[in-house]
$ cat run.txt   # compact mmCIF, C-alpha atoms
# COMPACT_ATOMS: atom_id res chain seq x y z
CA MET A 284 0.00 0.00 0.00
CA LYS A 285 2.77 2.44 0.91
CA LYS A 286 4.69 1.62 -2.27
CA ALA A 287 1.53 2.29 -4.27
CA LEU A 288 1.20 5.66 -2.58
CA PHE A 289 4.71 6.65 -3.64
CA VAL A 290 3.99 5.56 -7.22
CA LEU A 291 0.88 7.75 -7.14
CA THR A 292 2.98 10.59 -5.77
CA ILE A 293 5.40 10.34 -8.69
CA ALA A 294 2.49 10.34 -11.12
CA LEU A 295 1.01 13.48 -9.55
CA GLY A 296 4.35 15.25 -9.37
CA THR A 297 6.40 16.33 -6.35
CA ARG A 298 5.25 19.92 -6.01
CA ALA A 299 2.39 19.25 -3.59
CA PHE A 300 4.71 17.18 -1.40
CA ALA A 301 7.59 19.61 -1.22
CA GLN A 302 6.27 22.12 1.33
CA VAL A 303 7.98 23.01 4.55
CA THR A 304 5.70 24.20 7.35
CA ILE A 305 6.68 25.41 10.80
CA SER A 306 5.02 26.02 14.16
CA GLY A 307 5.95 26.51 17.78
CA ILE A 308 4.73 27.19 21.27
CA SER A 309 5.61 30.33 23.28
CA SER A 310 9.10 31.46 22.22
CA GLY A 311 8.85 28.77 19.56
CA GLY A 312 5.69 30.47 18.31
CA PHE A 313 7.49 33.81 18.05
CA MET A 314 10.34 32.01 16.30
CA ALA A 315 7.98 30.32 13.87
CA THR A 316 6.54 33.64 12.69
CA GLN A 317 10.08 35.00 12.53
CA MET A 318 11.24 32.14 10.31
CA GLY A 319 8.10 32.41 8.21
CA VAL A 320 8.82 36.07 7.43
CA ILE A 321 12.55 35.74 6.87
CA TYR A 322 12.23 32.68 4.64
CA SER A 323 8.73 33.18 3.24
CA GLU A 324 9.72 31.88 -0.20
CA GLU A 325 10.49 28.44 1.24
CA ILE A 326 7.94 28.13 4.07
CA SER A 327 4.35 27.53 3.03
CA GLY A 328 2.63 27.56 6.42
CA VAL A 329 3.17 28.99 9.91
CA GLY A 330 1.51 28.02 13.19
CA THR A 331 1.77 29.88 16.48
CA VAL A 332 0.75 28.49 19.86
CA ALA A 333 0.81 31.19 22.54
CA GLY A 334 3.35 33.02 20.39
CA GLY A 335 3.55 36.44 18.76
CA PHE A 336 4.26 38.40 15.60
CA PHE A 337 7.54 39.15 13.82
CA TYR A 338 9.97 41.65 15.41
CA CYS A 339 7.63 42.52 18.28
CA ALA A 340 10.63 42.95 20.62
CA GLN A 341 12.38 45.23 18.12
CA ASN A 342 16.06 45.73 19.04
CA HIS A 343 15.36 47.00 22.53
CA LEU A 344 17.45 44.45 24.42
CA GLN A 345 20.69 45.10 22.53
CA ASN A 346 20.15 48.88 22.62
CA LYS A 347 19.75 48.85 26.39
CA ILE A 348 22.73 46.56 26.87
CA GLN A 349 24.86 49.08 24.99
CA GLU A 350 23.44 51.96 27.00
CA GLY A 351 24.19 50.04 30.18
CA ILE A 352 27.80 49.59 29.12
CA GLN A 353 28.13 53.31 28.44
CA THR A 354 26.57 54.32 31.76
CA HIS A 355 28.51 51.64 33.70
CA LEU A 356 25.24 50.20 35.03
CA GLY A 357 25.59 47.13 32.85
CA LYS A 358 23.45 44.17 33.87
CA GLN A 359 22.12 46.09 36.88
CA ASN A 360 19.54 47.54 34.51
CA LEU A 361 17.77 44.20 34.79
CA PHE A 362 16.68 45.30 38.26
CA LEU A 363 14.85 48.40 36.99
CA PHE A 364 11.08 48.12 37.47
CA ASN A 365 8.18 50.55 37.70
CA GLN A 366 5.12 50.17 39.87
CA ASN A 367 2.18 48.96 37.82
CA LYS A 368 -0.74 47.82 39.93
CA GLY A 369 -2.92 45.20 38.36
CA LEU A 370 -0.19 43.22 36.60
CA TYR A 371 1.10 40.00 38.13
CA SER A 372 4.39 40.35 36.33
CA ASP A 373 6.25 38.15 38.79
CA LEU A 374 4.65 35.21 37.04
CA LEU A 375 5.50 36.59 33.61
CA LEU A 376 9.06 37.56 34.36
CA GLY A 377 9.83 34.48 36.39
CA ARG A 378 8.67 32.17 33.64
CA PHE A 379 10.11 34.00 30.67
CA LEU A 380 13.44 35.58 31.38
CA PHE A 381 14.59 37.03 34.66
CA PRO A 382 13.57 35.13 37.79
CA GLY A 383 15.50 37.02 40.44
CA TYR A 384 13.23 39.86 41.50
CA SER A 385 9.95 39.94 43.41
CA THR A 386 7.76 41.99 41.06
CA LYS A 387 4.14 41.22 41.94
CA TRP A 388 3.10 44.81 41.39
CA PHE A 389 5.88 45.91 39.05
CA THR A 390 6.71 45.84 35.36
CA PRO A 391 10.09 46.42 33.65
CA SER A 392 10.99 50.05 33.21
CA PRO A 393 11.85 51.30 29.69
CA MET A 394 15.55 51.22 30.64
CA ASN A 395 15.36 47.50 31.43
CA PRO A 396 16.64 45.36 28.51
CA ILE A 397 13.59 43.09 28.82
CA TYR A 398 11.08 45.97 28.73
CA GLN A 399 9.95 45.54 25.12
CA SER A 400 9.78 41.74 25.15
CA VAL A 401 8.20 41.23 28.57
CA GLY A 402 6.62 44.59 29.43
CA VAL A 403 5.08 45.12 25.98
CA CYS A 404 4.94 41.95 23.86
CA MET A 405 3.95 39.68 26.73
CA GLN A 406 2.17 41.97 29.19
CA ASN A 407 0.68 44.61 26.89
CA PRO A 408 0.63 43.15 23.38
CA ASP A 409 -2.10 45.53 22.20
CA LYS A 410 0.46 48.33 22.58
CA ALA A 411 3.11 46.59 20.46
CA GLU A 412 3.96 48.22 17.12
CA LEU A 413 3.81 46.27 13.86
CA PRO A 414 7.10 46.30 11.88
CA ASP A 415 7.74 47.65 8.40
CA LEU A 416 8.77 44.61 6.37
CA LYS A 417 9.79 46.71 3.38
CA ALA A 418 12.69 48.16 5.37
CA PHE A 419 13.96 44.64 6.14
CA HIS A 420 13.58 43.53 2.54
CA GLU A 421 15.33 46.59 1.12
CA LYS A 422 18.39 45.58 3.13
CA LYS A 423 18.01 41.99 1.87
CA LEU A 424 17.53 40.70 5.41
CA ILE A 425 14.29 38.84 4.63
CA ASP A 426 12.63 37.34 1.56
CA ASP A 427 10.26 39.46 -0.51
CA PRO A 428 7.18 40.00 1.72
CA SER A 429 4.93 39.26 -1.27
CA TYR A 430 5.61 35.55 -0.65
CA LEU A 431 3.68 35.88 2.63
CA THR A 432 0.44 36.12 0.67
CA LYS A 433 0.82 32.43 -0.25
CA GLN A 434 1.26 31.19 3.32
CA ASN A 435 -1.37 29.48 5.46
CA ILE A 436 -1.44 30.87 9.01
CA PHE A 437 -2.80 29.06 12.07
CA THR A 438 -2.87 30.68 15.51
CA TYR A 439 -3.91 29.27 18.88
CA HIS A 440 -4.03 31.04 22.21
CA GLY A 441 -5.43 30.11 25.60
CA GLU A 442 -7.78 32.85 26.73
CA HIS A 443 -6.41 32.56 30.29
CA ASP A 444 -2.77 32.64 29.23
CA ASN A 445 -0.87 34.45 32.01
CA VAL A 446 2.48 34.47 30.22
CA VAL A 447 1.74 35.88 26.75
CA LEU A 448 -1.63 37.57 27.16
CA PHE A 449 -4.54 36.61 24.92
CA LYS A 450 -4.58 40.06 23.29
CA MET A 451 -1.55 38.94 21.29
CA ALA A 452 -3.80 36.69 19.17
CA GLN A 453 -5.43 39.75 17.61
CA LYS A 454 -2.05 41.41 17.03
CA ILE A 455 -0.83 38.38 15.10
CA LYS A 456 -3.90 38.56 12.89
CA ASP A 457 -3.39 42.31 12.42
CA PHE A 458 0.20 41.70 11.36
CA TYR A 459 -0.71 39.21 8.65
CA ILE A 460 -3.68 41.21 7.37
CA GLU A 461 -1.49 44.32 7.13
CA ASN A 462 0.89 42.28 4.99
CA LYS A 463 -1.93 41.26 2.63
CA ILE A 464 -2.49 37.64 3.60
CA PRO A 465 -6.06 36.74 2.54
CA ILE A 466 -8.36 36.25 5.51
CA GLU A 467 -9.32 32.76 4.32
CA GLN A 468 -5.67 31.72 4.74
CA ILE A 469 -5.74 32.63 8.45
CA GLN A 470 -7.36 30.33 10.99
CA GLN A 471 -7.55 31.26 14.68
CA LYS A 472 -8.49 28.98 17.57
CA SER A 473 -8.69 29.55 21.32
CA LEU A 474 -9.90 27.80 24.45
CA GLN A 475 -11.71 29.76 27.12
CA PHE A 476 -10.11 28.13 30.17
CA ALA A 477 -6.72 27.22 28.72
CA GLY A 478 -3.45 28.65 29.99
CA HIS A 479 0.03 28.94 28.49
CA SER A 480 0.47 25.40 27.19
CA PHE A 481 0.09 23.03 24.25
CA ALA A 482 -3.46 21.65 24.31
CA THR A 483 -4.17 17.96 23.59
CA ASP A 484 -7.11 15.56 23.78
CA LYS A 485 -5.10 13.15 25.95
CA GLN A 486 -6.52 12.28 29.37
CA ASP A 487 -3.47 11.75 31.59
CA LEU A 488 -1.57 15.05 31.33
CA GLN A 489 -1.68 18.26 33.36
CA PRO A 490 -4.99 20.19 33.67
CA CYS A 491 -5.80 22.56 30.82
CA THR A 492 -5.21 25.57 33.09
CA ALA A 493 -1.66 24.48 33.99
CA GLU A 494 1.29 26.65 32.99
CA LYS A 495 4.32 24.63 33.99
CA PHE A 496 6.78 22.08 32.65
CA PRO A 497 6.35 20.29 30.30
CA PHE A 498 3.63 22.75 29.11
CA ILE A 499 1.51 20.00 27.50
CA THR A 500 -2.02 19.72 28.88
CA SER A 501 -5.26 17.73 28.76
CA CYS A 502 -7.84 20.09 27.24
CA GLN A 503 -10.17 17.75 25.31
CA TYR A 504 -8.85 19.43 22.17
CA ASP A 505 -6.45 18.01 19.59
CA LEU A 506 -4.48 21.15 18.74
CA ALA A 507 -1.86 19.29 16.69
CA PHE A 508 -4.57 17.93 14.39
CA ASP A 509 -6.16 21.31 13.67
CA LEU A 510 -2.80 23.01 13.21
CA LEU A 511 -1.33 20.41 10.86
CA THR A 512 -4.58 20.03 8.91
CA PHE A 513 -4.75 23.74 8.14
CA LEU A 514 -1.06 24.12 7.31
CA THR A 515 -0.60 20.97 5.21
CA LYS A 516 -4.10 20.95 3.64
CA LYS A 517 -4.26 17.18 4.08
CA GLU A 518 -7.02 14.92 5.41
CA LEU A 519 -4.96 13.58 8.28
CA LYS A 520 -5.04 10.06 9.67
CA ARG A 521 -3.85 9.36 13.19
CA GLU A 522 -1.55 6.65 14.46
CA PRO A 523 -0.27 6.13 18.03
CA PHE A 524 3.25 7.31 18.84
CA GLU A 525 5.83 4.55 18.38
CA ALA A 526 9.34 4.71 19.77
CA LYS A 527 10.79 3.06 16.66
CA ASN A 528 9.99 6.16 14.59
CA LEU A 529 11.83 8.69 16.79
CA TYR A 530 15.46 9.47 15.98
CA TYR A 531 18.19 11.69 17.34
CA VAL A 532 19.25 14.31 14.79
CA ASP A 533 22.74 15.79 14.63
CA GLN A 534 22.14 19.55 14.71
CA THR A 535 25.64 20.42 13.54
CA LEU A 536 25.65 21.20 9.84
CA ASP A 537 29.04 19.52 9.37
CA LEU A 538 27.75 16.36 11.10
CA LYS A 539 30.28 16.26 13.91
CA ASN A 540 28.12 14.25 16.31
CA LEU A 541 27.09 11.19 14.32
CA ASP A 542 29.26 8.72 16.24
CA ILE A 543 28.81 10.04 19.77
CA MET A 544 27.14 7.71 22.29
CA ASN A 545 25.97 10.47 24.64
CA PRO A 546 24.12 13.09 22.53
CA GLU A 547 24.14 15.92 25.07
CA ARG A 548 27.95 15.84 25.13
CA GLY A 549 28.29 16.53 21.42
CA ALA A 550 29.43 19.70 19.70
CA GLN A 551 27.01 22.64 19.54
CA PRO A 552 26.40 24.28 16.15
CA THR A 553 26.07 27.71 17.84
CA PRO A 554 26.38 28.77 21.50
CA SER A 555 22.59 28.67 21.99
CA ILE A 556 21.73 25.51 20.04
CA ALA A 557 21.78 21.90 21.27
CA PRO A 558 24.08 19.22 19.86
CA TYR A 559 21.03 17.19 18.90
CA GLY A 560 17.34 17.42 18.14
CA TYR A 561 14.70 14.83 17.20
CA LEU A 562 13.05 13.60 14.03
CA TYR A 563 9.87 11.53 13.89
CA SER A 564 9.55 9.80 10.53
CA SER A 565 8.63 6.65 8.67
CA ASN A 566 11.37 4.71 6.92
CA GLU A 567 9.68 5.53 3.61
CA CYS A 568 10.10 9.26 4.19
CA LEU A 569 13.69 8.79 5.29
CA GLN A 570 14.46 6.99 2.05
CA ASN A 571 12.26 9.16 -0.20
CA PRO A 572 12.20 12.64 1.41
CA THR A 573 11.27 14.33 -1.86
CA TYR A 574 7.78 12.90 -1.60
CA CYS A 575 7.17 13.80 2.05
CA GLN A 576 6.39 17.10 3.69
CA LEU A 577 8.48 18.41 6.55
CA HIS A 578 6.93 20.11 9.55
CA VAL A 579 9.21 21.86 12.03
CA ALA A 580 7.86 21.93 15.62
CA LEU A 581 9.61 24.37 17.97
CA HIS A 582 9.47 24.00 21.74
CA GLY A 583 9.03 26.95 24.09
CA CYS A 584 10.94 28.42 27.01
CA GLU A 585 11.75 25.85 29.72
CA MET A 586 11.08 23.05 27.21
CA SER A 587 14.58 22.26 25.94
CA ASP A 588 16.05 18.96 27.15
CA SER A 589 18.66 21.07 28.93
CA PHE A 590 16.23 23.03 31.12
CA ASP A 591 16.42 21.91 34.76
CA ILE A 592 13.72 23.43 36.98
CA ASP A 593 15.66 22.64 40.17
CA PHE A 594 18.78 24.32 38.83
CA ASP A 595 16.68 27.27 37.71
CA ALA A 596 15.40 27.63 41.27
CA LYS A 597 19.00 27.75 42.52
CA TYR A 598 19.77 30.52 40.05
CA THR A 599 16.70 32.43 41.22
CA GLU A 600 17.89 32.15 44.81
CA GLN A 601 21.37 33.32 43.80
CA VAL A 602 20.03 36.48 42.18
CA GLN A 603 17.66 37.24 45.05
CA LYS A 604 20.40 36.94 47.65
CA THR A 605 23.46 38.25 45.82
CA ARG A 606 22.25 40.13 42.71
CA ILE A 607 24.79 38.08 40.76
CA VAL A 608 23.18 37.34 37.40
CA GLU A 609 26.04 35.56 35.62
CA MET A 610 26.72 31.85 35.55
CA ARG A 611 29.99 29.95 35.75
CA LYS A 612 31.16 26.61 34.34
CA GLU A 613 32.94 25.33 37.44
CA LYS A 614 32.37 25.58 41.17
CA SER A 615 33.93 28.75 42.50
CA LYS A 616 36.88 28.37 44.87
CA ILE A 617 36.55 31.92 46.17
CA LEU A 618 35.46 32.12 49.80
CA GLY A 619 31.81 33.02 50.08
CA PHE A 620 30.90 31.81 46.60
CA LYS A 621 31.05 28.06 47.20
CA SER A 622 27.27 27.76 47.59
CA LEU A 623 26.48 29.49 44.31
CA PRO A 624 25.31 27.26 41.44
CA TYR A 625 27.52 26.45 38.48
CA ILE A 626 26.44 25.16 35.07
CA LYS A 627 27.78 21.61 35.41
CA GLN A 628 25.28 20.99 38.22
CA LYS A 629 22.42 21.29 35.72
CA LYS A 630 20.74 18.04 34.73
CA ILE A 631 19.00 16.92 31.54
CA ARG A 632 15.20 16.91 32.03
CA ASN A 633 14.16 15.86 28.50
CA GLY A 634 11.65 18.62 27.76
CA THR A 635 11.91 18.37 23.96
CA PHE A 636 11.81 14.57 24.24
CA LYS A 637 8.46 14.89 26.04
CA PHE A 638 7.27 17.45 23.47
CA ALA A 639 7.92 14.94 20.68
CA GLN A 640 6.13 12.19 22.60
CA PHE A 641 3.06 13.91 23.97
CA SER A 642 2.20 17.05 21.97
CA GLY A 643 0.40 15.05 19.28
CA TYR A 644 2.43 16.18 16.27
CA SER A 645 4.11 12.79 15.87
CA GLU A 646 0.80 10.95 15.70
CA TYR A 647 0.06 12.56 12.33
CA ALA A 648 3.42 11.83 10.71
CA ILE A 649 3.52 8.22 9.55
CA LYS A 650 0.17 7.80 7.80
CA ASN A 651 0.34 11.22 6.14
CA ASN A 652 3.88 11.23 4.73
CA ILE A 653 5.02 14.01 7.04
CA MET A 654 8.35 14.17 8.82
CA ILE A 655 8.29 16.08 12.11
CA LEU A 656 11.54 17.81 13.02
CA TYR A 657 11.98 18.87 16.65
CA PRO A 658 15.02 21.20 16.84
CA GLN A 659 16.08 22.47 20.24
CA THR A 660 18.05 25.12 22.05
CA TRP A 661 20.69 24.46 24.71
CA ILE A 662 21.36 26.20 28.01
CA THR A 663 24.98 26.93 28.89
CA GLU A 664 26.68 29.65 30.92
CA ASP A 665 26.29 31.87 27.84
CA ASN A 666 22.53 32.07 28.43
CA TYR A 667 22.87 34.05 31.65
CA PRO A 668 21.49 36.54 32.45
CA TYR A 669 19.36 37.28 29.38
CA ASN A 670 18.06 33.81 28.47
CA PRO A 671 18.24 31.37 31.40
CA LYS A 672 15.08 29.57 30.23
CA GLY A 673 16.50 28.38 26.90
CA CYS A 674 14.00 30.37 24.82
CA TRP A 675 14.33 30.69 21.05
CA ASP A 676 15.75 34.09 20.21
CA TRP A 677 12.81 36.28 19.24
CA PHE A 678 13.98 39.14 21.50
CA GLY A 679 17.59 39.72 20.51
CA TRP A 680 19.70 38.12 23.22
CA THR A 681 22.20 36.60 20.73
CA ASN A 682 22.78 39.80 18.71
CA GLU A 683 21.01 42.61 16.86
CA ASN A 684 20.62 40.47 13.70
CA TYR A 685 18.41 37.90 15.43
CA ALA A 686 15.29 38.64 13.29
CA THR A 687 17.08 38.48 9.93
CA ASN A 688 18.74 35.94 7.67
CA GLN A 689 22.00 36.94 9.39
CA GLY A 690 20.83 35.77 12.82
CA LEU A 691 22.78 33.04 14.62
CA GLU A 692 19.71 30.93 15.26
CA THR A 693 17.65 31.79 12.18
CA SER A 694 20.40 31.15 9.63
CA TRP A 695 21.42 27.91 11.37
CA LEU A 696 17.83 26.69 11.61
CA MET A 697 17.06 27.28 7.94
CA GLN A 698 20.21 25.44 6.90
CA LEU A 699 19.22 22.52 9.13
CA ILE A 700 15.70 22.48 7.69
CA ARG A 701 17.00 22.40 4.12
CA SER A 702 19.50 19.67 4.91
CA VAL A 703 17.01 17.44 6.74
CA LYS A 704 14.38 17.97 4.06
CA ASN A 705 16.78 16.92 1.30
CA ASN A 706 18.63 14.10 3.08
CA PRO A 707 17.35 13.25 6.57
CA THR A 708 19.34 10.03 6.96
CA GLN A 709 22.68 11.84 6.94
CA HIS A 710 21.67 13.59 10.19
CA LEU A 711 20.57 10.49 12.14
CA LEU A 712 22.74 9.54 15.11
CA LYS A 713 23.69 5.89 15.49
CA ILE A 714 22.34 5.83 19.01
CA ARG A 715 18.54 5.89 19.49
CA PRO A 716 16.47 7.70 22.15
CA GLN A 717 15.92 5.61 25.26
CA PHE A 718 12.39 5.12 26.60
CA LYS A 719 11.62 4.15 30.17
CA LYS A 720 9.71 0.90 30.48
$ encode --input "run.txt" --output "structure tokens"
Amino acid sequence: MKKALFVLTIALGTRAFAQVTISGISSGGFMATQMGVIYSEEISGVGTVAGGFFYCAQNHLQNKIQEGIQTHLGKQNLFLFNQNKGLYSDLLLGRFLFPGYSTKWFTPSPMNPIYQSVGVCMQNPDKAELPDLKAFHEKKLIDDPSYLTKQNIFTYHGEHDNVVLFKMAQKIKDFYIENKIPIEQIQQKSLQFAGHSFATDKQDLQPCTAEKFPFITSCQYDLAFDLLTFLTKKELKREPFEAKNLYYVDQTLDLKNLDIMNPERGAQPTPSIAPYGYLYSSNECLQNPTYCQLHVALHGCEMSDSFDIDFDAKYTEQVQKTRIVEMRKEKSKILGFKSLPYIKQKKIRNGTFKFAQFSGYSEYAIKNNIMILYPQTWITEDNYPYNPKGCWDWFGWTNENYATNQGLETSWLMQLIRSVKNNPTQHLLKIRPQFKK
């Protein structure tokens, strides 16, 4: 039957099977729209789950870092907050970026590097300004925005999202309408009681209102099905997740990690990207990738395999007690610093592994000739203090080029997508993911 399907595919031509679609949750949702704008000629569909629109954070973080250097305040600007009654920004800040300050009735001040990303995009998205894509294209930093008109756009947002407020859903729609995407190519879904998480119809996960690791919840709603159906334009058939179809993927473009037996100890392609990701695929798609679609599913903050909630709590305590926001590789030998955390204490918690297993994406891969790629970020001492949660860079912590084809993460990710789409088997590690019995 499967061989017959591939013969039919050849007869129909490869064009309909060549699309690349992308989606993500939280920072992964912001990153998905970012990738969709930058590489609109190659990406046919974009899905956001509790995410946001392109360049919402502008270049505020890097500008304020430079101002801090000039004024000698440096990273101390992260402690600048203004009183703002009515906003529970301790929850927002603690989850997203900077966990070391009790801010129940405060919001970042404009001098704070995280003001635009947290104080505006996450807390007050209706006040966020839409970008001028023509200016990016004139500098050849993104594809021609006219390609956006051919994309399918799916957005989902929990109406009780306390991390990226529900008002962002309308801003995403405004962004795409302003850039001339036909309304029939935009589908929006929401759940009244859902929080900041990936909704599923599974029965044994966290409650739909939950907003904590691994951010996958039981909501009596199959979000992955709706998202993939709208983006791929296929009548999808479901099949239970099977361990045999999940592979480790070498995320280095020069394939340095293929022979390693411990994936997390491999070489990183960039300082913020993991040595490995995951691919869920049938053997037929691995051998005949031309005839299969590729969907890229991006995790959110705190969802990388490298995020350790216990270690994160230690970092929070460090900042609260000492106002030290950096991180070190080794245990300090200086008197008085022995109790402070160091990066080698952090453990692997398998967030992306769980995302691949339980989000529902993988269940629509095998019977529909779709490969699901799960790239992931990596948390090292370089992440502190601006990205301790391992978020995708939609707010400029890596450099000022983050939202362009010159960005460290964006340029790497597109090269990985192209390589996996053309020849997935060359990226597969010899070792396979281990499942607990």
$ atom_distance --input "run.txt" --atom1 "atom CA of Pro671 of chain A" --atom2 "atom CA of Gln640 of chain A"
24.3 Å
$ atom_distance --input "run.txt" --atom1 "atom CA of Gln659 of chain A" --atom2 "atom CA of Gly560 of chain A"
5.6 Å
$ atom_distance --input "run.txt" --atom1 "atom CA of Thr390 of chain A" --atom2 "atom CA of Leu363 of chain A"
8.7 Å
$ residues_around --input "run.txt" --residues "Phe594 of chain A" --least-positions-apart "5" --cutoff "8 Å" --atoms "only C-alpha atoms" --output "VMD selection string"
chain A and resid 624 628 to 630
$ closest_atom_pairs --input "run.txt" --of "segment 659-715 of chain A" --to "segment 537-552 of chain A" --cutoff "9 Å" --atoms "only C-alpha atoms" --output "tab-separated table"
residue	atom	partner	partner_atom	distance
A:Trp661	CA	A:Gln551	CA	8.4
A:Trp695	CA	A:Pro552	CA	7.8
A:Gln709	CA	A:Leu538	CA	8.0
A:His710	CA	A:Leu538	CA	6.7
A:Leu711	CA	A:Leu541	CA	6.9
A:Leu712	CA	A:Leu541	CA	4.7
A:Lys713	CA	A:Asp542	CA	6.3
A:Ile714	CA	A:Met544	CA	6.1
$ closest_atom_pairs --input "run.txt" --of "segment 691-715 of chain A" --to "segment 311-331 of chain A" --cutoff "9 Å" --atoms "only C-alpha atoms" --output "tab-separated table"
residue	atom	partner	partner_atom	distance
A:Thr693	CA	A:Met318	CA	6.7
A:Leu696	CA	A:Met318	CA	8.6
A:Met697	CA	A:Met318	CA	7.9
$ closest_atom_pairs --input "run.txt" --of "segment 566-684 of chain A" --to "segment 505-529 of chain A" --cutoff "9 Å" --atoms "only C-alpha atoms" --output "CSV"
residue,atom,partner,partner_atom,distance
A:Asn566,CA,A:Asn528,CA,7.9
A:Gln576,CA,A:Thr515,CA,8.1
A:His578,CA,A:Leu511,CA,8.4
A:Ala639,CA,A:Leu529,CA,8.3
A:Gln640,CA,A:Phe524,CA,6.8
A:Phe641,CA,A:Phe524,CA,8.4
A:Ser642,CA,A:Ala507,CA,7.0
A:Gly643,CA,A:Ala507,CA,5.5
A:Tyr644,CA,A:Ala507,CA,5.3
A:Ser645,CA,A:Phe524,CA,6.3
A:Glu646,CA,A:Glu522,CA,5.1
A:Tyr647,CA,A:Arg521,CA,5.1
A:Ala648,CA,A:Arg521,CA,8.1
A:Ile649,CA,A:Glu522,CA,7.2
A:Lys650,CA,A:Lys520,CA,6.0
A:Asn651,CA,A:Leu519,CA,6.2
$ residues_around --input "run.txt" --residues "Lys423 of chain A" --least-positions-apart "5" --cutoff "9 Å" --atoms "all atoms listed in the file" --output "list in words"
Ala418, Thr687 and Asn688 of chain A
$ write_last_selection --input "run.txt" --atoms "C-alpha atoms" --output "short mmCIF file (atom, residue, chain, number, x, y, z; two decimals), in the frame of the given file"
data_model
loop_
_atom_site.label_atom_id
_atom_site.label_comp_id
_atom_site.auth_asym_id
_atom_site.auth_seq_id
_atom_site.Cartn_x
_atom_site.Cartn_y
_atom_site.Cartn_z
CA ALA A 418 12.69 48.16 5.37
CA THR A 687 17.08 38.48 9.93
CA ASN A 688 18.74 35.94 7.67
#
$ decode --input "run.txt" --residues "segment 623-638 of chain A" --atoms "N, CA and C atoms" --output "PDB file, in the first residue's frame"
ATOM      1  N   LEU A 623      27.157  29.033  45.518  1.00  0.00           N
ATOM      2  CA  LEU A 623      26.481  29.493  44.315  1.00  0.00           C
ATOM      3  C   LEU A 623      26.466  28.397  43.257  1.00  0.00           C
ATOM      4  N   PRO A 624      25.396  28.312  42.456  1.00  0.00           N
ATOM      5  CA  PRO A 624      25.312  27.256  41.443  1.00  0.00           C
ATOM      6  C   PRO A 624      26.314  27.455  40.312  1.00  0.00           C
ATOM      7  N   TYR A 625      26.673  26.389  39.666  1.00  0.00           N
ATOM      8  CA  TYR A 625      27.518  26.452  38.483  1.00  0.00           C
ATOM      9  C   TYR A 625      26.925  25.498  37.451  1.00  0.00           C
ATOM     10  N   ILE A 626      27.204  25.752  36.158  1.00  0.00           N
ATOM     11  CA  ILE A 626      26.440  25.156  35.071  1.00  0.00           C
ATOM     12  C   ILE A 626      26.541  23.637  35.021  1.00  0.00           C
ATOM     13  N   LYS A 627      27.634  23.055  35.487  1.00  0.00           N
ATOM     14  CA  LYS A 627      27.784  21.610  35.414  1.00  0.00           C
ATOM     15  C   LYS A 627      26.892  20.872  36.411  1.00  0.00           C
ATOM     16  N   GLN A 628      26.248  21.609  37.307  1.00  0.00           N
ATOM     17  CA  GLN A 628      25.284  20.991  38.216  1.00  0.00           C
ATOM     18  C   GLN A 628      23.945  20.723  37.523  1.00  0.00           C
ATOM     19  N   LYS A 629      23.714  21.404  36.418  1.00  0.00           N
ATOM     20  CA  LYS A 629      22.425  21.295  35.724  1.00  0.00           C
ATOM     21  C   LYS A 629      22.250  19.902  35.137  1.00  0.00           C
ATOM     22  N   LYS A 630      21.038  19.365  35.231  1.00  0.00           N
ATOM     23  CA  LYS A 630      20.736  18.037  34.728  1.00  0.00           C
ATOM     24  C   LYS A 630      19.848  18.106  33.485  1.00  0.00           C
ATOM     25  N   ILE A 631      19.833  17.032  32.728  1.00  0.00           N
ATOM     26  CA  ILE A 631      18.997  16.922  31.540  1.00  0.00           C
ATOM     27  C   ILE A 631      17.603  16.460  31.963  1.00  0.00           C
ATOM     28  N   ARG A 632      16.564  17.229  31.609  1.00  0.00           N
ATOM     29  CA  ARG A 632      15.197  16.908  32.025  1.00  0.00           C
ATOM     30  C   ARG A 632      14.306  16.476  30.857  1.00  0.00           C
ATOM     31  N   ASN A 633      14.858  16.446  29.643  1.00  0.00           N
ATOM     32  CA  ASN A 633      14.165  15.862  28.497  1.00  0.00           C
ATOM     33  C   ASN A 633      12.856  16.554  28.133  1.00  0.00           C
ATOM     34  N   GLY A 634      12.852  17.879  28.130  1.00  0.00           N
ATOM     35  CA  GLY A 634      11.652  18.617  27.764  1.00  0.00           C
ATOM     36  C   GLY A 634      11.260  18.430  26.312  1.00  0.00           C
ATOM     37  N   THR A 635      12.213  18.537  25.382  1.00  0.00           N
ATOM     38  CA  THR A 635      11.907  18.366  23.962  1.00  0.00           C
ATOM     39  C   THR A 635      11.534  16.924  23.659  1.00  0.00           C
ATOM     40  N   PHE A 636      12.150  15.986  24.352  1.00  0.00           N
ATOM     41  CA  PHE A 636      11.808  14.571  24.236  1.00  0.00           C
ATOM     42  C   PHE A 636      10.333  14.361  24.570  1.00  0.00           C
ATOM     43  N   LYS A 637       9.876  14.992  25.649  1.00  0.00           N
ATOM     44  CA  LYS A 637       8.463  14.892  26.040  1.00  0.00           C
ATOM     45  C   LYS A 637       7.564  15.592  25.016  1.00  0.00           C
ATOM     46  N   PHE A 638       8.033  16.717  24.480  1.00  0.00           N
ATOM     47  CA  PHE A 638       7.269  17.455  23.473  1.00  0.00           C
ATOM     48  C   PHE A 638       7.023  16.569  22.249  1.00  0.00           C
TER      49      PHE A 638
END
